[in-house]
Each structure stands twice: as C-alpha cells, then as structure tokens.
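A quick write-up on the structure given underneath.
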Amino acid sequence: MSLTLRAISREQHLAYIQSLPSASHCQIPAWADVKSEWRAENLGWFDERTGEMVGAGLVLYRQLPKVKRYLAYLPEGPVINWYAPNLEEWLQPMLAHLKKQGAFSVKMGPPVVIRRWDASTIKKGIQDPDVKRLRDVEADQIEPRAFEVADKLRRMGWQQGEDGGAGFGDVQPRYVYQVPLEGRSLEEVHKGFNQLWRRNIKKADKAGVQVVQGNMLNPYDLDEWQRLYEITAERDRFRPRPKAYFERMWKVLNAEDPNRMRLYFAEHEGERISAATMLIVGGHVWYSYGASANHKREVRPSNAMQWRMLQDAYALGAGVYDLRGISDSLDETDHLFGLIQFKVGTGGVAAEYLGEWDFPLNKLLHKALDIYMNRR
C-alpha cells in the first residue's frame, strides 16, 4: 500500500474515528479543545490507490520556552495500523511533516498492548514476598507482534527511557486496568468481582447509597464535583486541576458527541460523598477522574458508583470498561499500592502498553528539553 499523509479537517478526523470500533479519547478532535494550551493539528493517512483514509492522528504542539520550536505530541496515538509490515512508510512521512511544522522532537504513544495479567495472577504476585513489580510476574497473555513493533521503532531511531522517556506535559499511563465486557453477561461480570467488592456493593445498597448522574453545566453539580475533587487532591497529595478545566472538558467533549462525557455522584442521606467522570469513544469506556469525601467511607460509595458505571457501560454496548492507570508496583508499602488493590477487585485484567516513544528531530534541543524536565 502506497501512503500519503496530509493535514485534514476536524470533520474528516471525527468521521474516521466514528468508523472504528474504538480509539483513545486522547485522539479525538475535541481533545485538542480540552488541551487548549497546546496548538493542534489533525493528520490523515491515505491509500494512494483508492484515496481512502486509512489512519488519523491528533498532534498537540507545545512551544519550547524562549524558542520558536515545538514538541509534537500524539497522546495514545496515532490511530494507524501498527502491525503493518511497512510501519516505516506510515511514520517517516509523519516525521517529515512535523519537522516542517517546526517540531524539534516528537512524542507518541502507540495504542498497542504488549502483555496482560489476570486478577488471580496479580493476587498471587502480591502474596509472593519476592515479587515487587508487575513485570516480575509471568503474564497470562503476551502479544508477540507488539515486540516486533518495538524492534521496528528502535531501528527507525525512536527512543524510550526506562519509564517511557522524558515527557513535556501529560504523559499517559503505561499500565492500565480493564474489565472486559464483550461476550460476558452482567451477571458474569458481577461474579468476577472478588468477595470484598461484592460485599461492599451490597453494603452500599443496604445503607441507602444512591448513584445519580450530574451535569457540569449545572453550577451546583460543578461545585460539588470540585469540592470532592479538591478534598481528594489534598488527601492523595496531588495538584488539582481548576474548576474551569472540567467545565471546558464537559462543554467541548459533549459538543463533539452528546454522550462523550458523563458525571456520576454517590449520595448518602442527601449528601454527595463520591464522584467520578466517564468518557465514551465507540466501544471503549473509561473511568476518567475520581473524587471522594474523607468521611462515610464505611457506606462504600466508590464501589456502588463503579458498579453503576460498569452497568451503564454495558448498556451502551461497550466491549471494555477501562479503569485507567495503575502503578506496576505490587509492594504493599508503596503509596500507590491501594489503587491496584482496589482495581484488581473488579476481576478484570492489567494491561501493559508499549509506552511512550520519542524521536529527536533536533538532538540538541531534545537534550535541552530532557534537562529542563528533569530539573522540574
């Protein structure tokens, strides 16, 4: 297949994404509006013989301080045939185009899964004192073609650091936790939860926890979301995003597709004690942001909310419910351990992606960026 690459309109890009079973929410045209501090461009790959679009990519450009040169970033993209034997013919024109646009370095995240671990395998790993990381545990599924993709990228000059390389801005998770829904009944999904999860869902129900949908254009819902989110940020020691970010996210994503983003609250005795956002692209549904109060944890609002979101994802016909990032640490003393422990309770699978890769178009500026990022 002979390929050409050119800039496309948002409409063309969206039509292509809508023709696929699913794609990352970071590769839809509206994601550029969420990341409004970056300049954006939509790229399309075309089959020269038929003129048909066969791939697409959202590129975000971030200017290097004091220099009119850019980092070009394709989060969880581009959306191309990663297993094509002629991968170089897909990526070389992209690099040439981005260089022309003033990029000094390119960062991308191939949406290619390399390994998967079942919940029972992870549980065994947690119980083994010699096991500290997920990669120390033998995977249940390995995708040999993913290793071929990694080899091809290295041969082309793409680089990867120990943890996916230095990043300028948002770096997407390499390890995620997913609950497969395709070909399973809701009853089977519920049965797949561990005993504690099932007990907690029951406990929440008995305590009268109600899960309701909200709307970030409603000032009360937005304020309640932000209140719970900031409580969570303080507790988990991360810097919270401003309220305007979520309001913009809601507006731009739902303008592209009215069912792109949802907001959920768990209520108990009239008080909102837990909240979460959900993103939907085709058959892939993500739990995106979560927030909860410091009190009333005993009524298990988070379990109730996740179960409701899972049921809604199932009703939408989703093939996968994605709980997003986990750390690969299986060490109980690690502060991120609780996250994997909570997600493993759903009985799903941990998936490892190929991670993010960098291509320095200007080695000097790329090195300067690396030093700048490491000092931050």
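In the structure tokens, chains take letters A, B, ... by order of appearance, with residues numbered from 1 within each chain and ligands from 1 in the order shown.
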
Within 12 Å of region 176-195 of chain A, which residues of region 81-160 of chain A come that close, and what is the closest atom pair and distance in Å for each? Count only C-alpha atoms and give it as a Markdown table.
```
| residue | atom | partner | partner_atom | distance |
| --- | --- | --- | --- | --- |
| A:Pro111 | CA | A:Val176 | CA | 11.8 |
| A:Val113 | CA | A:Val176 | CA | 10.0 |
| A:Ile114 | CA | A:Val176 | CA | 11.8 |
| A:Arg115 | CA | A:Val176 | CA | 10.9 |
| A:Arg116 | CA | A:Tyr177 | CA | 9.5 |
| A:Trp117 | CA | A:Tyr177 | CA | 9.5 |
| A:Asp118 | CA | A:Tyr177 | CA | 10.0 |
| A:Ala119 | CA | A:Asn194 | CA | 9.3 |
| A:Ser120 | CA | A:Asn194 | CA | 9.8 |
| A:Ile122 | CA | A:Tyr177 | CA | 11.4 |
| A:Lys123 | CA | A:Asn194 | CA | 10.8 |
| A:Leu134 | CA | A:Val176 | CA | 11.5 |
```

For the strand (DSSP E) assignment from backbone DSSP, which residues of region 137-352 of chain A qualify? Please present them as a PyMOL selection string.
chain A and resi 141-142+175-180+210-214+261-268+271-281+284-292+320-325+349-352

Residues at most 8 Å from region 330-341 of chain A, counting only C-alpha atoms, excluding those fewer than 2 positions away in the same chain, as a compact mmCIF listing (two decimals) with C-alpha atoms, in the first residue's frame?
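Result file follows (part37.txt):
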```
# COMPACT_ATOMS: atom_id res chain seq x y z
CA GLY A 125 2.14 -11.88 42.80
CA ILE A 126 1.01 -9.67 45.70
CA VAL A 131 7.67 -10.07 43.78
CA LYS A 132 7.87 -6.27 43.82
CA ARG A 133 6.64 -5.34 40.34
CA LEU A 134 4.03 -6.48 37.86
CA ILE A 326 -2.18 1.78 37.77
CA SER A 327 1.39 1.70 39.04
CA ASP A 328 3.25 -1.54 38.30
CA LYS A 343 -8.99 -2.14 40.77
CA VAL A 344 -7.94 -5.83 40.97
CA GLY A 345 -11.12 -6.40 43.00
```

Considering only C-alpha atoms, state which residue in the set A:Val34, A:Gly55, A:Ser9, A:Val79 is at the smallest distance from Phe246 (chain A).
A:Val34

With only C-alpha atoms as the basis for distance, which of A:Ile201, A:Glu269, A:Leu71, A:Gly319 is at the shortest distance from Ser22 (chain A)?
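Ranked by minimum distance to Ser22 (chain A), first place goes to A:Gly319.
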
Using only C-alpha atoms: which of A:Phe104, A:Trp225, A:Trp31, A:Tyr83 has the shortest distance to Leu253 (chain A):
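Closest to Leu253 (chain A), using only C-alpha atoms: A:Trp31.
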
Name the residues of region 110-311 of chain A that fall into helix (DSSP H, G or I) according to DSSP on the backbone, using the chain letters and numbers of this document, as number ranges by chain.
A: 119-127, 134-136, 144-156, 186-192, 195-207, 219-236, 243-256, 297-299, 301-311

For Pro85 (chain A), the closest of A:Lys206, A:Arg10, A:Arg300, A:Arg145 counting only C-alpha atoms is A:Arg145
